[in-house]
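Working notes, beginning with the structure itself.
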Amino acid sequence: MLLAAVLTLALLVTGASSALADAPQPKNIIYMIGDGMGHVQLEVARLVKGGPLAMDLFPVQHKAANASLDNAVTDSAAAGTAHATGYRTNNGMVAMLPDGRELTSALRIAQAAGKATGVVVTDIVYGATPGSYLATVNNRSEQNAILEQALFRTQPDVLLGGGLSVFNAIGGADRLAETPYDFVTTRDALLAWEPISGRKLLGLFASSTMSYELDRPANEPHIVEMVHAALEFLSQSDAGFFLMVEGSRIDHAGHANDLLRGIHETLAFDQAVELVLNFAEERGDTLVVVTADHETGGLTAPTKKPSPVVMDRGVSTVASEIRAALNQNPDANIVELFARYAGIDDLTSRVQAGNLDELIRSVLSDRAFTYTTTNHTAAPVPVLAFGPGAELFAEVEHIADMGRLTIELLGGSAGGDR
Ligand SMILES: [Zn+2]
């Protein structure tokens, strides 16, 4: 913390040129946020995958606090603002301070430095997290204003995600002629898109948020495909690039207490992390930061040995398989059925008398992690980093420090007080 304070002071005195001179300067920065992704979400994903995540391979494995200015439990707007601008603000505010001061995001600092920029999310592109990088508004509910500023002011080179409804509400299709954007709305069109000099890429693949990975229709791209398209395009920039990627819907599954979908959102995000890590390892000039804004759902380990099978496939699916097997053969050994269908090999007691369906479900539920709230929690969030400057992220205490550090590594200064 002392080091960070000294660095900030030096920046104010000498300008942005020398303070981080000792740290290697990344040409590119890829900043990845798992919305609602706490350490327990990673633990579950690891169990279901049956091995380490790509996120486990990062040399810097740290954590950070995330309280907003007015609440111990942050929302995605205040946390997005901290990541994007290096400032803590009140819940609900997007790249703006309570006194009305407008903040400059890392993405806009990167633009000022001549770098290409991109935003890839599975939420609406005018959601609180992408909004913090693209716009400045008093409240996250001002979605029209966020999208207006994104498309007609900030204009990142790549903007991919959901959100056709507000795009249509602001007459987006008719107004795109005023912009440099090529516009795609399907997976096929995204995969077929070829960069043309001077053109930028806007992709909106759903009316609202994109689908959960588990429910994703064929016309929506996988997050890995969106990140791949962004990297192909942005890496053509001679001056480097800044890309923000959000695995947005880990949070939505947490609010819904939908473990199955939450796990598959985390695993899909981890696949995007793997792609980015491979990209950065090959190049050597790219800093990758992976983190979260907050944990959602208060996810908690079961008291009994967890079953990856039950968590991967869902209690309902496994319960109906066991029920169907019992229907077919009422004399089947129930312990063997639980071993075969649920991967539970340590059942010690017989199933008690009672409603059979309820008993099966309760045995299975005891083997899954459970949510303890439908809201966000104050749990610290993961801070993972790889590449030039990564070691600086091992020193952060709060996610706002991460935003500040990112801006400094881009040659800018967040300035002022936190
Ligand atoms: Zn949330």
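FYI, nothing fancy with the structure tokens labels: chains A, B, ... in order, residues from 1 per chain, ligands from 1 as they appear.
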Which neighbours of A:Asp251 fall inside 10 Å, counting only C-alpha atoms, when residues of the same chain fewer than 5 positions from it are skipped, and could you give them as an MDAnalysis selection string?
chainID A and resid 34:38 76 256:257 262 265:266 292:297 374:376
Enumerate the residues of stretch 31-116 of chain A with a DSSP assignment of strand (DSSP E or B), computed from the backbone, and present them as a PyMOL selection string.
chain A and resi 31-36+60-65+94+96+102+116
Take the residues from that selection and put them in a file with C-alpha atoms, as a short mmCIF file (atom, residue, chain, number, x, y, z; two decimals), in the first residue's frame.
data_model
loop_
_atom_site.label_atom_id
_atom_site.label_comp_id
_atom_site.auth_asym_id
_atom_site.auth_seq_id
_atom_site.Cartn_x
_atom_site.Cartn_y
_atom_site.Cartn_z
CA TYR A 31 -8.83 -7.43 -18.43
CA MET A 32 -11.29 -10.22 -17.72
CA ILE A 33 -14.08 -9.94 -15.14
CA GLY A 34 -16.20 -12.88 -14.00
CA ASP A 35 -19.30 -11.10 -12.71
CA GLY A 36 -20.33 -12.71 -9.43
CA VAL A 60 -0.10 -14.18 -9.56
CA GLN A 61 -2.89 -15.62 -7.38
CA HIS A 62 -4.12 -12.90 -5.09
CA LYS A 63 -7.39 -11.45 -3.79
CA ALA A 64 -8.89 -8.02 -3.27
CA ALA A 65 -11.60 -6.32 -1.25
CA VAL A 94 -21.29 4.30 -13.57
CA MET A 96 -19.07 8.90 -11.91
CA GLU A 102 -17.06 12.22 -14.43
CA ALA A 116 -7.26 -0.24 -30.24
#
Ranking A:Val363, A:Leu409, A:Leu260, A:Ala332 by minimum distance to A:Asp346 and counting only C-alpha atoms, which one comes first?
A:Val363
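With only C-alpha atoms as the atoms that count, the minimum distance from A:Thr104 to the choices A:Val381, A:Leu359, A:Ala77, A:Leu134 is reached by A:Leu134.
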Point-to-point distance from atom CA of A:Thr286 to atom CA of A:Arg404, Å rounded to tenths:
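According to the coordinates, atom CA of A:Thr286 and atom CA of A:Arg404 are separated by 17.8 Å.
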Which of stretch 201-385 of chain A counts as alpha helix (DSSP H) under DSSP, as a VMD selection string please?
chain A and resid 223 to 234 249 to 255 259 to 283 308 to 313 315 to 328 334 to 342 356 to 365
Fewer than 3 positions away in the same chain doesn't count, so skip those; otherwise give me all residues within 12 Å of A:Asp56, counting only C-alpha atoms, as a list in words.
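Skipping anything fewer than 3 positions along the chain leaves His39, Leu42, Glu43, Ala45, Arg46, Gly51, Pro52, Leu53, Pro59, Val60, Gln61, His62, Asp270, Val273, Glu274, Leu277, Val290, Pro382, Val383, Leu384, Ala385 and Phe386 of chain A.
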Writing out the chosen residues with N, CA and C atoms as a PDB file, in the first residue's frame:
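Output contents, as saved in again37.pdb:
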ATOM      1  N   HIS A  39     -14.250 -17.040  -4.994  1.00  0.00           N
ATOM      2  CA  HIS A  39     -13.357 -18.204  -4.947  1.00  0.00           C
ATOM      3  C   HIS A  39     -14.126 -19.522  -4.894  1.00  0.00           C
ATOM      4  N   LEU A  42     -15.091 -20.789  -8.234  1.00  0.00           N
ATOM      5  CA  LEU A  42     -13.953 -21.441  -8.906  1.00  0.00           C
ATOM      6  C   LEU A  42     -13.753 -22.863  -8.379  1.00  0.00           C
ATOM      7  N   GLU A  43     -13.960 -23.028  -7.074  1.00  0.00           N
ATOM      8  CA  GLU A  43     -13.783 -24.356  -6.460  1.00  0.00           C
ATOM      9  C   GLU A  43     -14.775 -25.362  -7.067  1.00  0.00           C
ATOM     10  N   ALA A  45     -16.312 -25.146 -10.010  1.00  0.00           N
ATOM     11  CA  ALA A  45     -15.989 -25.366 -11.425  1.00  0.00           C
ATOM     12  C   ALA A  45     -14.827 -26.353 -11.559  1.00  0.00           C
ATOM     13  N   ARG A  46     -13.849 -26.225 -10.663  1.00  0.00           N
ATOM     14  CA  ARG A  46     -12.684 -27.127 -10.642  1.00  0.00           C
ATOM     15  C   ARG A  46     -13.126 -28.573 -10.384  1.00  0.00           C
ATOM     16  N   GLY A  51     -10.248 -31.181 -12.733  1.00  0.00           N
ATOM     17  CA  GLY A  51      -8.838 -30.802 -12.834  1.00  0.00           C
ATOM     18  C   GLY A  51      -8.706 -29.308 -12.728  1.00  0.00           C
ATOM     19  N   PRO A  52      -7.459 -28.811 -12.832  1.00  0.00           N
ATOM     20  CA  PRO A  52      -7.248 -27.379 -12.668  1.00  0.00           C
ATOM     21  C   PRO A  52      -7.918 -26.568 -13.778  1.00  0.00           C
ATOM     22  N   LEU A  53      -8.311 -25.357 -13.438  1.00  0.00           N
ATOM     23  CA  LEU A  53      -8.842 -24.412 -14.410  1.00  0.00           C
ATOM     24  C   LEU A  53      -7.682 -23.676 -15.071  1.00  0.00           C
ATOM     25  N   PRO A  59       0.523 -17.017 -12.619  1.00  0.00           N
ATOM     26  CA  PRO A  59       1.572 -16.921 -11.600  1.00  0.00           C
ATOM     27  C   PRO A  59       1.169 -16.044 -10.419  1.00  0.00           C
ATOM     28  N   VAL A  60       0.386 -15.009 -10.657  1.00  0.00           N
ATOM     29  CA  VAL A  60      -0.096 -14.177  -9.555  1.00  0.00           C
ATOM     30  C   VAL A  60      -1.494 -14.654  -9.166  1.00  0.00           C
ATOM     31  N   GLN A  61      -1.613 -15.151  -7.927  1.00  0.00           N
ATOM     32  CA  GLN A  61      -2.894 -15.616  -7.383  1.00  0.00           C
ATOM     33  C   GLN A  61      -3.134 -14.827  -6.099  1.00  0.00           C
ATOM     34  N   HIS A  62      -3.959 -13.832  -6.188  1.00  0.00           N
ATOM     35  CA  HIS A  62      -4.124 -12.898  -5.089  1.00  0.00           C
ATOM     36  C   HIS A  62      -5.621 -12.652  -4.889  1.00  0.00           C
ATOM     37  N   ASP A 270     -13.871 -19.646 -18.186  1.00  0.00           N
ATOM     38  CA  ASP A 270     -12.513 -20.194 -18.043  1.00  0.00           C
ATOM     39  C   ASP A 270     -11.931 -20.620 -19.394  1.00  0.00           C
ATOM     40  N   VAL A 273     -10.637 -17.581 -20.815  1.00  0.00           N
ATOM     41  CA  VAL A 273      -9.375 -17.259 -20.141  1.00  0.00           C
ATOM     42  C   VAL A 273      -8.234 -18.090 -20.746  1.00  0.00           C
ATOM     43  N   GLU A 274      -8.509 -19.350 -21.018  1.00  0.00           N
ATOM     44  CA  GLU A 274      -7.484 -20.232 -21.589  1.00  0.00           C
ATOM     45  C   GLU A 274      -7.015 -19.716 -22.955  1.00  0.00           C
ATOM     46  N   LEU A 277      -4.907 -16.645 -22.335  1.00  0.00           N
ATOM     47  CA  LEU A 277      -3.615 -16.982 -21.740  1.00  0.00           C
ATOM     48  C   LEU A 277      -2.662 -17.554 -22.802  1.00  0.00           C
ATOM     49  N   VAL A 290      -7.276 -11.391 -14.565  1.00  0.00           N
ATOM     50  CA  VAL A 290      -8.578 -12.042 -14.408  1.00  0.00           C
ATOM     51  C   VAL A 290      -9.059 -11.786 -12.986  1.00  0.00           C
ATOM     52  N   PRO A 382     -11.112 -12.952  -6.538  1.00  0.00           N
ATOM     53  CA  PRO A 382      -9.814 -13.389  -7.059  1.00  0.00           C
ATOM     54  C   PRO A 382      -9.118 -12.276  -7.854  1.00  0.00           C
ATOM     55  N   VAL A 383      -7.798 -12.243  -7.753  1.00  0.00           N
ATOM     56  CA  VAL A 383      -6.967 -11.346  -8.564  1.00  0.00           C
ATOM     57  C   VAL A 383      -5.865 -12.200  -9.180  1.00  0.00           C
ATOM     58  N   LEU A 384      -5.961 -12.467 -10.467  1.00  0.00           N
ATOM     59  CA  LEU A 384      -4.992 -13.314 -11.162  1.00  0.00           C
ATOM     60  C   LEU A 384      -4.328 -12.483 -12.248  1.00  0.00           C
ATOM     61  N   ALA A 385      -3.025 -12.660 -12.414  1.00  0.00           N
ATOM     62  CA  ALA A 385      -2.348 -11.857 -13.434  1.00  0.00           C
ATOM     63  C   ALA A 385      -1.211 -12.641 -14.060  1.00  0.00           C
ATOM     64  N   PHE A 386      -0.985 -12.349 -15.347  1.00  0.00           N
ATOM     65  CA  PHE A 386       0.086 -12.972 -16.121  1.00  0.00           C
ATOM     66  C   PHE A 386       0.630 -11.945 -17.105  1.00  0.00           C
TER      67      PHE A 386
END
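Going from atom CA of A:Gly118 over to atom CA of A:Gly284, you cover 19.9 Å.
Remark: for A:Gly131, the closest of the candidate residues A:Ile250, A:Ala342, A:Ala414, A:Ala145 is A:Ala145 (distances computed over only C-alpha atoms).
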Expressed in Å to a single decimal, how great is the separation between atom CA of A:His228 and atom CA of A:Ala268?
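That distance, rounded to one decimal, is 13.4 Å.
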I'd like the neighbourhood of stretch 127-130 of chain A as a PyMOL selection string, where a residue qualifies if any of its atoms comes within 6 Å (using only C-alpha atoms), though same-chain residues fewer than 2 positions away should be ignored.
chain A and resi 76-77+80+124-125+132-133+140
Let me make sure I understand: among A:Ala324, A:Ala301, A:Val289, A:Ala319, which one has the smallest atom-to-atom distance to A:Val40 if we use only C-alpha atoms?
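Between A:Ala324, A:Ala301, A:Val289, A:Ala319, the residue approaching A:Val40 most closely is A:Ala301.
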Contacts of A:Asn28 at 6 Å or less, counting only C-alpha atoms, minus same-chain residues fewer than 2 places along, as a list in words?
Pro26, Gly240, Phe241, Phe242 and Thr286 of chain A
Taking 3 positions as the minimum chain separation for residues in the same chain, which residues sit within 12 Å of A:Ser320 when counting only C-alpha atoms? Answer as a PyMOL selection string.
chain A and resi 310+313-317+323-327+337-338+341-342+356-358+360-361+364
Those same residues, written as a PDB file, in the first residue's frame with N, CA, C and O atoms?
ATOM      1  N   VAL A 310     -23.492 -34.780  -9.806  1.00  0.00           N
ATOM      2  CA  VAL A 310     -24.760 -34.129  -9.454  1.00  0.00           C
ATOM      3  C   VAL A 310     -24.706 -32.643  -9.805  1.00  0.00           C
ATOM      4  O   VAL A 310     -25.660 -32.076 -10.348  1.00  0.00           O
ATOM      5  N   ARG A 313     -24.691 -32.115 -13.756  1.00  0.00           N
ATOM      6  CA  ARG A 313     -25.889 -32.459 -14.511  1.00  0.00           C
ATOM      7  C   ARG A 313     -27.160 -31.917 -13.871  1.00  0.00           C
ATOM      8  O   ARG A 313     -28.196 -31.860 -14.522  1.00  0.00           O
ATOM      9  N   GLY A 314     -27.067 -31.523 -12.613  1.00  0.00           N
ATOM     10  CA  GLY A 314     -28.231 -30.960 -11.937  1.00  0.00           C
ATOM     11  C   GLY A 314     -28.985 -32.018 -11.151  1.00  0.00           C
ATOM     12  O   GLY A 314     -29.095 -33.179 -11.576  1.00  0.00           O
ATOM     13  N   VAL A 315     -29.517 -31.629  -9.996  1.00  0.00           N
ATOM     14  CA  VAL A 315     -30.242 -32.552  -9.121  1.00  0.00           C
ATOM     15  C   VAL A 315     -31.437 -33.162  -9.848  1.00  0.00           C
ATOM     16  O   VAL A 315     -31.679 -34.377  -9.788  1.00  0.00           O
ATOM     17  N   SER A 316     -32.200 -32.344 -10.582  1.00  0.00           N
ATOM     18  CA  SER A 316     -33.430 -32.837 -11.225  1.00  0.00           C
ATOM     19  C   SER A 316     -33.132 -33.928 -12.246  1.00  0.00           C
ATOM     20  O   SER A 316     -33.825 -34.958 -12.283  1.00  0.00           O
ATOM     21  N   THR A 317     -32.123 -33.702 -13.077  1.00  0.00           N
ATOM     22  CA  THR A 317     -31.794 -34.678 -14.118  1.00  0.00           C
ATOM     23  C   THR A 317     -31.371 -36.000 -13.502  1.00  0.00           C
ATOM     24  O   THR A 317     -31.865 -37.072 -13.886  1.00  0.00           O
ATOM     25  N   ARG A 323     -34.905 -42.391 -10.581  1.00  0.00           N
ATOM     26  CA  ARG A 323     -36.312 -42.768 -10.478  1.00  0.00           C
ATOM     27  C   ARG A 323     -36.706 -43.700 -11.636  1.00  0.00           C
ATOM     28  O   ARG A 323     -37.386 -44.709 -11.448  1.00  0.00           O
ATOM     29  N   ALA A 324     -36.240 -43.377 -12.825  1.00  0.00           N
ATOM     30  CA  ALA A 324     -36.575 -44.196 -13.997  1.00  0.00           C
ATOM     31  C   ALA A 324     -35.984 -45.593 -13.856  1.00  0.00           C
ATOM     32  O   ALA A 324     -36.623 -46.602 -14.187  1.00  0.00           O
ATOM     33  N   ALA A 325     -34.748 -45.668 -13.338  1.00  0.00           N
ATOM     34  CA  ALA A 325     -34.118 -46.973 -13.149  1.00  0.00           C
ATOM     35  C   ALA A 325     -34.885 -47.805 -12.120  1.00  0.00           C
ATOM     36  O   ALA A 325     -35.036 -49.023 -12.272  1.00  0.00           O
ATOM     37  N   LEU A 326     -35.363 -47.121 -11.073  1.00  0.00           N
ATOM     38  CA  LEU A 326     -36.151 -47.820 -10.049  1.00  0.00           C
ATOM     39  C   LEU A 326     -37.504 -48.282 -10.593  1.00  0.00           C
ATOM     40  O   LEU A 326     -37.987 -49.354 -10.239  1.00  0.00           O
ATOM     41  N   ASN A 327     -38.076 -47.456 -11.440  1.00  0.00           N
ATOM     42  CA  ASN A 327     -39.356 -47.841 -12.051  1.00  0.00           C
ATOM     43  C   ASN A 327     -39.190 -49.100 -12.894  1.00  0.00           C
ATOM     44  O   ASN A 327     -40.057 -49.964 -12.922  1.00  0.00           O
ATOM     45  N   LEU A 337     -27.467 -47.702  -7.443  1.00  0.00           N
ATOM     46  CA  LEU A 337     -28.029 -46.705  -8.364  1.00  0.00           C
ATOM     47  C   LEU A 337     -27.427 -45.322  -8.109  1.00  0.00           C
ATOM     48  O   LEU A 337     -27.107 -44.587  -9.034  1.00  0.00           O
ATOM     49  N   PHE A 338     -27.297 -44.980  -6.831  1.00  0.00           N
ATOM     50  CA  PHE A 338     -26.691 -43.680  -6.510  1.00  0.00           C
ATOM     51  C   PHE A 338     -25.227 -43.633  -6.955  1.00  0.00           C
ATOM     52  O   PHE A 338     -24.730 -42.604  -7.382  1.00  0.00           O
ATOM     53  N   TYR A 341     -25.481 -43.439 -11.070  1.00  0.00           N
ATOM     54  CA  TYR A 341     -26.042 -42.244 -11.693  1.00  0.00           C
ATOM     55  C   TYR A 341     -25.556 -40.937 -11.072  1.00  0.00           C
ATOM     56  O   TYR A 341     -25.580 -39.900 -11.714  1.00  0.00           O
ATOM     57  N   ALA A 342     -25.149 -40.998  -9.815  1.00  0.00           N
ATOM     58  CA  ALA A 342     -24.797 -39.751  -9.125  1.00  0.00           C
ATOM     59  C   ALA A 342     -23.327 -39.707  -8.706  1.00  0.00           C
ATOM     60  O   ALA A 342     -22.882 -38.701  -8.151  1.00  0.00           O
ATOM     61  N   LEU A 356     -40.533 -41.191  -2.041  1.00  0.00           N
ATOM     62  CA  LEU A 356     -39.292 -41.623  -2.675  1.00  0.00           C
ATOM     63  C   LEU A 356     -38.632 -40.503  -3.476  1.00  0.00           C
ATOM     64  O   LEU A 356     -37.418 -40.300  -3.389  1.00  0.00           O
ATOM     65  N   ASP A 357     -39.432 -39.766  -4.243  1.00  0.00           N
ATOM     66  CA  ASP A 357     -38.855 -38.690  -5.057  1.00  0.00           C
ATOM     67  C   ASP A 357     -38.164 -37.648  -4.184  1.00  0.00           C
ATOM     68  O   ASP A 357     -37.063 -37.192  -4.489  1.00  0.00           O
ATOM     69  N   GLU A 358     -38.822 -37.294  -3.089  1.00  0.00           N
ATOM     70  CA  GLU A 358     -38.239 -36.290  -2.189  1.00  0.00           C
ATOM     71  C   GLU A 358     -36.952 -36.813  -1.562  1.00  0.00           C
ATOM     72  O   GLU A 358     -35.983 -36.073  -1.400  1.00  0.00           O
ATOM     73  N   ILE A 360     -34.863 -39.054  -2.795  1.00  0.00           N
ATOM     74  CA  ILE A 360     -33.789 -39.068  -3.802  1.00  0.00           C
ATOM     75  C   ILE A 360     -33.228 -37.666  -3.975  1.00  0.00           C
ATOM     76  O   ILE A 360     -32.012 -37.452  -3.943  1.00  0.00           O
ATOM     77  N   ARG A 361     -34.122 -36.706  -4.107  1.00  0.00           N
ATOM     78  CA  ARG A 361     -33.676 -35.320  -4.305  1.00  0.00           C
ATOM     79  C   ARG A 361     -32.884 -34.822  -3.105  1.00  0.00           C
ATOM     80  O   ARG A 361     -31.881 -34.115  -3.262  1.00  0.00           O
ATOM     81  N   LEU A 364     -29.384 -36.198  -3.117  1.00  0.00           N
ATOM     82  CA  LEU A 364     -28.575 -35.543  -4.154  1.00  0.00           C
ATOM     83  C   LEU A 364     -28.226 -34.104  -3.767  1.00  0.00           C
ATOM     84  O   LEU A 364     -27.092 -33.659  -3.949  1.00  0.00           O
TER      85      LEU A 364
END
Top pick for closest residue to A:Leu69, considering A:Arg153, A:Leu410, A:Ser362, A:His398 and counting only C-alpha atoms
A:His398
Using only C-alpha atoms, determine which residues lie at most 8 Å from A:Val224, disregarding the query and same-chain residues fewer than 6 positions distant; provide the list as a PyMOL selection string.
chain A and resi 268-269+271-272+275
Compare A:Ala78, A:Ala239, A:Leu176, A:Ile109 by their minimum atom-to-atom distance to ligand 1, counting only C-alpha atoms and all ligand atoms, and give me the closest one.
A:Ala78
